[in-house]
$ cat protein.txt   # compact mmCIF, C-alpha atoms and all ligand atoms
# COMPACT_ATOMS: atom_id res chain seq x y z
CA MET A 15 108.88 105.11 113.44
CA THR A 16 110.46 104.05 110.17
CA ILE A 17 108.34 102.37 107.56
CA THR A 18 110.35 100.53 104.97
CA MET A 19 107.75 99.58 102.36
CA LYS A 20 107.50 102.98 100.74
CA VAL A 21 106.72 101.98 97.17
CA ASP A 22 104.84 104.18 94.72
CA TYR A 23 103.48 102.46 91.63
CA HIS A 24 101.29 105.24 90.33
CA LEU A 25 103.33 108.05 88.77
CA HIS A 26 102.33 110.12 85.76
CA THR A 27 104.57 112.45 83.74
CA ALA A 28 104.08 115.37 81.37
CA ARG A 29 103.70 112.82 78.56
CA CYS A 30 100.00 112.26 79.32
CA GLY A 31 99.30 115.95 78.62
CA HIS A 32 97.80 116.88 82.01
CA ALA A 33 100.70 116.21 84.41
CA ALA A 34 103.90 118.17 85.01
CA GLY A 35 107.51 117.07 85.19
CA THR A 36 109.95 114.77 83.46
CA MET A 37 110.87 111.26 84.55
CA ALA A 38 114.16 112.71 85.80
CA ASP A 39 112.21 114.99 88.14
CA TYR A 40 110.12 112.10 89.48
CA VAL A 41 113.14 109.83 89.98
CA ALA A 42 114.99 112.63 91.81
CA ALA A 43 111.96 113.30 94.04
CA ALA A 44 111.58 109.59 94.83
CA ALA A 45 115.25 109.24 95.74
CA ALA A 46 115.12 112.38 97.90
CA GLY A 47 112.00 111.05 99.64
CA GLY A 48 113.66 107.75 100.54
CA LEU A 49 111.33 105.60 98.46
CA LYS A 50 112.20 101.95 98.10
CA GLU A 51 110.82 101.46 94.61
CA ILE A 52 108.74 103.38 92.07
CA GLY A 53 106.75 102.56 88.98
CA PHE A 54 105.67 104.83 86.16
CA ALA A 55 102.04 104.25 85.22
CA ASP A 56 101.16 106.92 82.73
CA HIS A 57 97.77 106.92 81.00
CA PHE A 58 97.86 104.33 78.19
CA PRO A 59 96.76 105.71 74.79
CA LEU A 60 93.02 105.19 74.46
CA GLU A 61 93.16 105.41 70.67
CA LEU A 62 95.15 102.15 70.61
CA LEU A 63 92.15 100.51 72.29
CA GLY A 64 89.86 101.91 69.61
CA TYR A 65 88.38 104.68 71.76
CA THR A 66 88.60 108.43 71.14
CA PRO A 67 87.67 110.48 74.20
CA GLN A 68 86.05 113.91 74.05
CA GLU A 69 89.21 115.39 75.41
CA GLN A 70 92.83 114.19 75.27
CA VAL A 71 93.42 112.80 78.75
CA ASN A 72 95.92 110.05 77.91
CA MET A 73 99.34 109.69 76.31
CA ALA A 74 99.16 110.12 72.55
CA PRO A 75 99.75 106.84 70.66
CA GLY A 76 102.96 108.27 69.17
CA GLU A 77 104.38 108.80 72.67
CA LEU A 78 104.17 105.20 73.85
CA ALA A 79 107.46 103.89 72.39
CA ALA A 80 109.41 106.84 73.76
CA TYR A 81 107.68 106.45 77.16
CA ILE A 82 108.71 102.80 77.39
CA ALA A 83 112.27 103.52 76.21
CA GLU A 84 112.65 106.29 78.75
CA VAL A 85 111.45 104.11 81.65
CA GLN A 86 113.89 101.42 80.51
CA TRP A 87 116.69 103.98 80.48
CA TRP A 88 115.87 104.98 84.06
CA GLN A 89 115.77 101.33 85.07
CA LYS A 90 119.51 101.31 84.37
CA LYS A 91 120.39 104.76 85.70
CA ALA A 92 118.12 105.50 88.66
CA PRO A 93 119.40 105.09 92.24
CA LEU A 94 116.32 103.00 93.11
CA PRO A 95 114.35 100.26 91.32
CA VAL A 96 112.04 101.64 88.64
CA ARG A 97 109.21 99.54 87.20
CA LEU A 98 107.48 99.89 83.86
CA GLY A 99 103.74 100.16 84.27
CA ALA A 100 100.77 101.84 82.67
CA GLU A 101 97.36 102.94 83.84
CA VAL A 102 94.92 101.47 81.36
CA ASP A 103 91.25 102.36 81.11
CA PHE A 104 88.95 99.40 81.36
CA LEU A 105 86.59 99.82 78.42
CA PRO A 106 83.69 97.34 78.56
CA GLY A 107 83.27 95.44 75.32
CA ARG A 108 86.87 96.14 74.34
CA GLU A 109 88.51 93.41 76.45
CA LYS A 110 89.79 91.46 73.42
CA ILE A 111 91.42 94.40 71.67
CA THR A 112 92.84 95.55 75.02
CA ALA A 113 94.40 92.12 75.61
CA ALA A 114 95.79 91.97 72.06
CA VAL A 115 97.31 95.46 72.23
CA LEU A 116 98.83 95.00 75.69
CA ALA A 117 100.35 91.63 74.75
CA ALA A 118 102.85 93.45 72.52
CA TYR A 119 104.60 95.07 75.51
CA ASP A 120 106.55 93.86 78.53
CA PHE A 121 105.04 95.84 81.34
CA ASP A 122 106.04 94.99 84.90
CA TYR A 123 102.43 95.61 85.90
CA LEU A 124 99.24 97.21 84.64
CA ILE A 125 96.81 99.27 86.64
CA GLY A 126 93.25 98.93 85.37
CA SER A 127 91.09 101.96 86.09
CA VAL A 128 87.59 103.18 85.36
CA HIS A 129 87.44 106.91 84.51
CA PHE A 130 84.54 106.78 82.03
CA LEU A 131 80.88 105.94 82.33
CA GLY A 132 79.75 105.91 78.74
CA ASP A 133 81.26 109.06 77.30
CA TRP A 134 81.36 110.82 80.69
CA ASP A 135 84.86 111.30 82.09
CA PHE A 136 83.49 111.53 85.61
CA THR A 137 86.91 112.06 87.22
CA HIS A 138 87.45 115.27 85.23
CA PRO A 139 86.61 118.43 87.22
CA ALA A 140 85.12 120.07 84.10
CA TYR A 141 82.27 117.52 84.01
CA GLN A 142 81.48 117.20 87.72
CA GLU A 143 78.12 119.00 87.51
CA ARG A 144 76.71 115.84 85.94
CA PHE A 145 76.79 114.26 89.40
CA GLN A 146 73.88 116.54 90.30
CA GLU A 147 71.76 115.18 87.46
CA VAL A 148 72.02 111.48 88.31
CA ASN A 149 70.82 109.11 91.01
CA ILE A 150 73.99 108.61 93.08
CA ASP A 151 73.05 105.14 94.33
CA ARG A 152 72.39 103.94 90.76
CA LEU A 153 75.65 105.59 89.70
CA TYR A 154 77.62 103.63 92.31
CA GLU A 155 75.99 100.41 91.08
CA GLN A 156 76.91 101.27 87.51
CA TYR A 157 80.49 102.17 88.43
CA PHE A 158 81.12 99.09 90.58
CA ALA A 159 79.60 96.84 87.90
CA LEU A 160 82.43 98.05 85.66
CA ILE A 161 84.98 97.46 88.43
CA GLN A 162 83.65 93.90 88.75
CA GLN A 163 84.01 93.37 84.98
CA LEU A 164 87.53 94.83 85.18
CA ALA A 165 88.49 92.27 87.83
CA GLN A 166 86.90 89.44 85.86
CA SER A 167 88.75 90.44 82.68
CA ARG A 168 92.12 89.42 84.19
CA LEU A 169 93.77 92.08 82.03
CA PHE A 170 95.46 93.86 84.93
CA GLN A 171 97.51 93.12 88.05
CA VAL A 172 96.10 96.09 89.97
CA VAL A 173 92.78 97.91 90.20
CA GLY A 174 93.43 101.66 90.46
CA HIS A 175 91.67 104.03 92.88
CA LEU A 176 88.92 101.47 93.53
CA ASP A 177 86.22 103.93 94.62
CA VAL A 178 87.19 107.03 92.62
CA ILE A 179 83.48 107.52 91.89
CA LYS A 180 83.46 109.35 95.26
CA LYS A 181 86.12 111.85 94.07
CA PHE A 182 83.86 114.91 94.13
CA ALA A 183 82.33 113.91 97.47
CA TYR A 184 79.08 112.40 96.16
CA PHE A 185 78.62 109.46 98.51
CA PRO A 186 75.94 106.76 98.44
CA ARG A 187 72.71 107.63 100.21
CA ALA A 188 71.37 104.12 100.61
CA ASP A 189 73.12 101.27 102.42
CA TRP A 190 75.63 99.99 99.88
CA SER A 191 77.17 97.19 101.98
CA LEU A 192 75.92 94.51 99.57
CA LEU A 193 77.68 96.25 96.68
CA VAL A 194 80.89 96.39 98.74
CA GLU A 195 80.55 92.70 99.56
CA GLU A 196 79.81 91.60 95.99
CA THR A 197 82.65 93.72 94.60
CA CYS A 198 85.22 92.45 97.10
CA GLN A 199 84.22 88.84 96.46
CA ILE A 200 84.78 89.39 92.73
CA LEU A 201 88.13 91.14 93.33
CA LYS A 202 89.19 88.14 95.39
CA ALA A 203 88.09 85.66 92.72
CA GLY A 204 89.83 87.75 90.04
CA GLU A 205 93.13 87.56 91.96
CA ILE A 206 93.73 91.27 91.48
CA CYS A 207 95.57 93.64 93.85
CA VAL A 208 93.88 96.74 95.18
CA GLU A 209 95.78 100.00 94.96
CA VAL A 210 95.71 102.17 98.06
CA ASN A 211 95.81 105.55 96.35
CA THR A 212 96.68 108.50 98.57
CA ALA A 213 95.37 111.15 96.14
CA GLY A 214 91.89 110.62 97.56
CA TRP A 215 92.93 112.45 100.72
CA TYR A 216 93.47 115.55 98.55
CA ALA A 217 90.33 115.22 96.40
CA PRO A 218 87.04 116.83 97.50
CA ALA A 219 86.10 113.42 98.95
CA GLY A 220 88.92 113.78 101.49
CA GLU A 221 89.25 110.00 101.88
CA VAL A 222 91.89 107.57 100.74
CA TYR A 223 90.91 105.37 97.77
CA PRO A 224 89.49 102.93 98.69
CA GLY A 225 87.63 103.99 101.82
CA LEU A 226 87.56 102.05 105.06
CA SER A 227 84.58 99.78 104.39
CA LEU A 228 86.18 98.45 101.21
CA LEU A 229 89.64 98.23 102.79
CA ARG A 230 88.37 96.30 105.81
CA ARG A 231 86.62 93.74 103.62
CA CYS A 232 89.73 93.42 101.40
CA ARG A 233 91.74 92.65 104.53
CA GLN A 234 89.26 90.04 105.74
CA LEU A 235 89.25 88.33 102.36
CA GLY A 236 93.05 88.43 102.03
CA ILE A 237 93.02 90.63 98.92
CA PRO A 238 96.56 92.01 98.44
CA VAL A 239 97.14 95.76 98.43
CA THR A 240 99.76 97.97 96.86
CA LEU A 241 100.46 101.70 97.03
CA GLY A 242 100.33 104.70 94.74
CA SER A 243 100.34 108.48 95.09
CA ASP A 244 98.82 109.10 91.64
CA ALA A 245 101.37 111.95 91.40
CA HIS A 246 100.79 114.34 88.51
CA ARG A 247 103.69 116.58 89.65
CA PRO A 248 107.10 115.60 90.99
CA GLN A 249 106.54 117.08 94.45
CA ASP A 250 103.69 114.59 95.01
CA VAL A 251 105.83 111.46 94.57
CA GLY A 252 105.41 109.29 97.65
CA ARG A 253 102.89 111.67 99.18
CA ASP A 254 101.29 110.22 102.32
CA LEU A 255 102.67 106.72 101.78
CA GLU A 256 103.63 106.57 105.45
CA ARG A 257 100.11 107.59 106.43
CA ALA A 258 98.71 104.88 104.15
CA LEU A 259 101.07 102.24 105.53
CA GLN A 260 100.17 103.22 109.07
CA LEU A 261 96.47 102.87 108.23
CA LEU A 262 97.03 99.50 106.56
CA ALA A 263 98.98 98.24 109.57
CA GLU A 264 96.16 99.37 111.89
CA LEU A 265 93.63 97.53 109.73
CA GLY A 266 95.67 94.36 110.02
CA PHE A 267 97.42 94.23 106.67
CA ARG A 268 100.84 92.61 106.95
CA GLU A 269 102.08 92.65 103.36
CA ILE A 270 102.40 94.99 100.40
CA ALA A 271 102.32 93.79 96.79
CA THR A 272 105.31 94.66 94.61
CA PHE A 273 105.62 94.00 90.89
CA ALA A 274 108.19 92.90 88.36
CA GLY A 275 107.81 91.10 85.05
CA GLY A 276 104.05 90.95 85.33
CA GLN A 277 104.29 89.05 88.61
CA CYS A 278 103.06 90.17 91.99
CA ARG A 279 105.30 89.55 95.00
CA LEU A 280 104.10 90.14 98.55
CA GLN A 281 106.59 91.76 100.88
CA PRO A 282 106.23 92.30 104.62
CA LEU A 283 104.89 95.68 105.64
CA VAL A 284 107.64 96.26 108.18
CA LEU A 285 107.28 98.81 110.91
CA ASN A 286 110.56 99.49 112.69
CA ARG A 287 110.05 101.36 115.90
CA SER A 288 112.92 103.68 116.72
ZN ZN A 301 95.94 111.67 85.11
ZN ZN A 302 93.38 107.22 87.29
$ encode --input "protein.txt" --output "structure tokens"
Amino acid sequence: MTITMKVDYHLHTARCGHAAGTMADYVAAAAAGGLKEIGFADHFPLELLGYTPQEQVNMAPGELAAYIAEVQWWQKKAPLPVRLGAEVDFLPGREKITAAVLAAYDFDYLIGSVHFLGDWDFTHPAYQERFQEVNIDRLYEQYFALIQQLAQSRLFQVVGHLDVIKKFAYFPRADWSLLVEETCQILKAGEICVEVNTAGWYAPAGEVYPGLSLLRRCRQLGIPVTLGSDAHRPQDVGRDLERALQLLAELGFREIATFAGGQCRLQPLVLNRS
């Protein structure tokens, strides 16, 4: 079976300080893997949004111009379409500065993500013991409240790894179907695409982001989905995209969102049987 919509909009590079490989390496890996289109979405400098994290987990502010110039260079030279994106932390209370800062650039798309709860970088393995000190059900409510605000902010075209709060395999204990419902309704109203992020299969959680209950409700509500590997090394470009597309097709999705010039375009998720 050949799946033609292999697009990967979530690629990091060594520029963010915690990934490996140059853009050349990622482009070469994407071409070798038969990808249709890729987008770089390195971690946008938090300092430009007025936030200094405990640890440097994003591109340094001084790297941003060179990052954009290098993506633009590859847009001319690469053997496949390359889009300019960024993964931007949604920081509650900083929506205005975020909008003002982002308005200065011509990104093809922006992925909005939540990696911080207060000063806790809960996606960072070094701080995962804090999950044992909190009420997991309250934590999910807190996390998804931020996701809802992210969608309402209209700052981004895509919400990244929608349920990354499960990364270290701490799952809700109580029935959380109302939280799923409320969140999906707000994603729909916010006209934001949901990223199907294959890195979840390799995290301790062992599930794609987002998991099935969220994905099923997205499908029922007609929320568009796009794809990303969240590669932090060139060999992970396009990882499990076919598996993700297969899952999406089984769940009834018929289109994949692609991005250019800040606009989302839905393309058929074509499955050619051979
Ligand atoms: Zn990263
Ligand atoms: Zn992320």
$ residues_near_ligand --input "protein.txt" --ligand "ligand ZN 302 (chain A)" --cutoff "9 Å" --atoms "only C-alpha atoms and all ligand atoms" --output "list in words"
His24, His57, Glu101, Val102, Asp103, Ile125, Gly126, Ser127, Val128, His129, Thr137, Gly174, His175, Val178 and Asp244 of chain A
$ closest_residue --input "protein.txt" --among "A:Asp39, A:Glu84, A:Asp122, A:Asp135" --to "ligand ZN 301 (chain A)" --atoms "only C-alpha atoms and all ligand atoms"
A:Asp135
$ residues_near_ligand --input "protein.txt" --ligand "ligand ZN 301 (chain A)" --cutoff "7 Å" --atoms "only C-alpha atoms and all ligand atoms" --output "PyMOL selection string"
chain A and resi 26+32-33+57+71+246
$ closest_residue --input "protein.txt" --among "A:Gln234, A:Arg279, A:Pro218, A:Gln249" --to "Leu265 (chain A)" --atoms "only C-alpha atoms"
A:Gln234
$ atom_distance --input "protein.txt" --atom1 "CA of Lys181 (chain A)" --atom2 "CA of Gly276 (chain A)"
28.9 Å
$ closest_residue --input "protein.txt" --among "A:Cys198, A:Ala83, A:Leu160, A:Val210" --to "Phe130 (chain A)" --atoms "only C-alpha atoms"
A:Leu160
$ closest_residue --input "protein.txt" --among "A:Gly252, A:Pro282, A:Gly107, A:Gly31" --to "Asp56 (chain A)" --atoms "only C-alpha atoms"
A:Gly31
$ closest_residue --input "protein.txt" --among "A:Leu261, A:Ala183, A:Cys207, A:Ile237" --to "Gly220 (chain A)" --atoms "all atoms listed in the file"
A:Ala183
$ residues_around --input "protein.txt" --residues "Val41 (chain A)" --least-positions-apart "4" --cutoff "7 Å" --atoms "only C-alpha atoms" --output "PyMOL selection string"
chain A and resi 37+45+92
$ closest_residue --input "protein.txt" --among "A:Thr112, A:Thr66, A:Asn72, A:Gln86" --to "Thr27 (chain A)" --atoms "only C-alpha atoms"
A:Asn72
$ atom_distance --input "protein.txt" --atom1 "CA of Arg168 (chain A)" --atom2 "CA of Gly204 (chain A)"
6.5 Å
$ residues_near_point --input "protein.txt" --point "(111.0, 102.2, 98.5)" --cutoff "7 Å" --atoms "all atoms listed in the file" --output "NGL selection string"
:A and (18-21 or 48-52)
$ closest_atom_pairs --input "protein.txt" --of "region 116-185 of chain A" --to "region 74-82 of chain A" --cutoff "12 Å" --atoms "all atoms listed in the file" --output "Markdown table"
| residue | atom | partner | partner_atom | distance |
| --- | --- | --- | --- | --- |
| A:Leu116 | CA | A:Leu78 | CA | 11.7 |
| A:Ala118 | CA | A:Ala79 | CA | 11.4 |
| A:Tyr119 | CA | A:Ile82 | CA | 9.0 |
| A:Asp120 | CA | A:Ile82 | CA | 9.3 |
| A:Phe121 | CA | A:Ile82 | CA | 8.8 |
| A:Asp122 | CA | A:Ile82 | CA | 11.2 |
$ atom_distance --input "protein.txt" --atom1 "CA of Gln89 (chain A)" --atom2 "CA of Ala44 (chain A)"
13.5 Å
$ closest_atom_pairs --input "protein.txt" --of "region 198-272 of chain A" --to "region 188-191 of chain A" --cutoff "12 Å" --atoms "all atoms listed in the file" --output "tab-separated table"
residue	atom	partner	partner_atom	distance
A:Cys198	CA	A:Ser191	CA	10.5
A:Leu226	CA	A:Ser191	CA	11.9
A:Ser227	CA	A:Ser191	CA	8.2
A:Leu228	CA	A:Ser191	CA	9.1
A:Arg230	CA	A:Ser191	CA	11.9
A:Arg231	CA	A:Ser191	CA	10.2
$ residues_around --input "protein.txt" --residues "Ile179 (chain A)" --least-positions-apart "3" --cutoff "12 Å" --atoms "only C-alpha atoms" --output "short mmCIF file (atom, residue, chain, number, x, y, z; two decimals) with C-alpha atoms, keeping the file's coordinate frame"
data_model
loop_
_atom_site.label_atom_id
_atom_site.label_comp_id
_atom_site.auth_asym_id
_atom_site.auth_seq_id
_atom_site.Cartn_x
_atom_site.Cartn_y
_atom_site.Cartn_z
CA SER A 127 91.09 101.96 86.09
CA VAL A 128 87.59 103.18 85.36
CA HIS A 129 87.44 106.91 84.51
CA PHE A 130 84.54 106.78 82.03
CA LEU A 131 80.88 105.94 82.33
CA TRP A 134 81.36 110.82 80.69
CA ASP A 135 84.86 111.30 82.09
CA PHE A 136 83.49 111.53 85.61
CA THR A 137 86.91 112.06 87.22
CA HIS A 138 87.45 115.27 85.23
CA GLN A 142 81.48 117.20 87.72
CA PHE A 145 76.79 114.26 89.40
CA ILE A 150 73.99 108.61 93.08
CA ASP A 151 73.05 105.14 94.33
CA ARG A 152 72.39 103.94 90.76
CA LEU A 153 75.65 105.59 89.70
CA TYR A 154 77.62 103.63 92.31
CA GLU A 155 75.99 100.41 91.08
CA GLN A 156 76.91 101.27 87.51
CA TYR A 157 80.49 102.17 88.43
CA PHE A 158 81.12 99.09 90.58
CA LEU A 160 82.43 98.05 85.66
CA ILE A 161 84.98 97.46 88.43
CA GLY A 174 93.43 101.66 90.46
CA HIS A 175 91.67 104.03 92.88
CA LEU A 176 88.92 101.47 93.53
CA PHE A 182 83.86 114.91 94.13
CA ALA A 183 82.33 113.91 97.47
CA TYR A 184 79.08 112.40 96.16
CA PHE A 185 78.62 109.46 98.51
CA PRO A 186 75.94 106.76 98.44
CA GLY A 214 91.89 110.62 97.56
CA ALA A 217 90.33 115.22 96.40
CA PRO A 218 87.04 116.83 97.50
CA ALA A 219 86.10 113.42 98.95
CA GLU A 221 89.25 110.00 101.88
CA TYR A 223 90.91 105.37 97.77
CA PRO A 224 89.49 102.93 98.69
CA GLY A 225 87.63 103.99 101.82
#
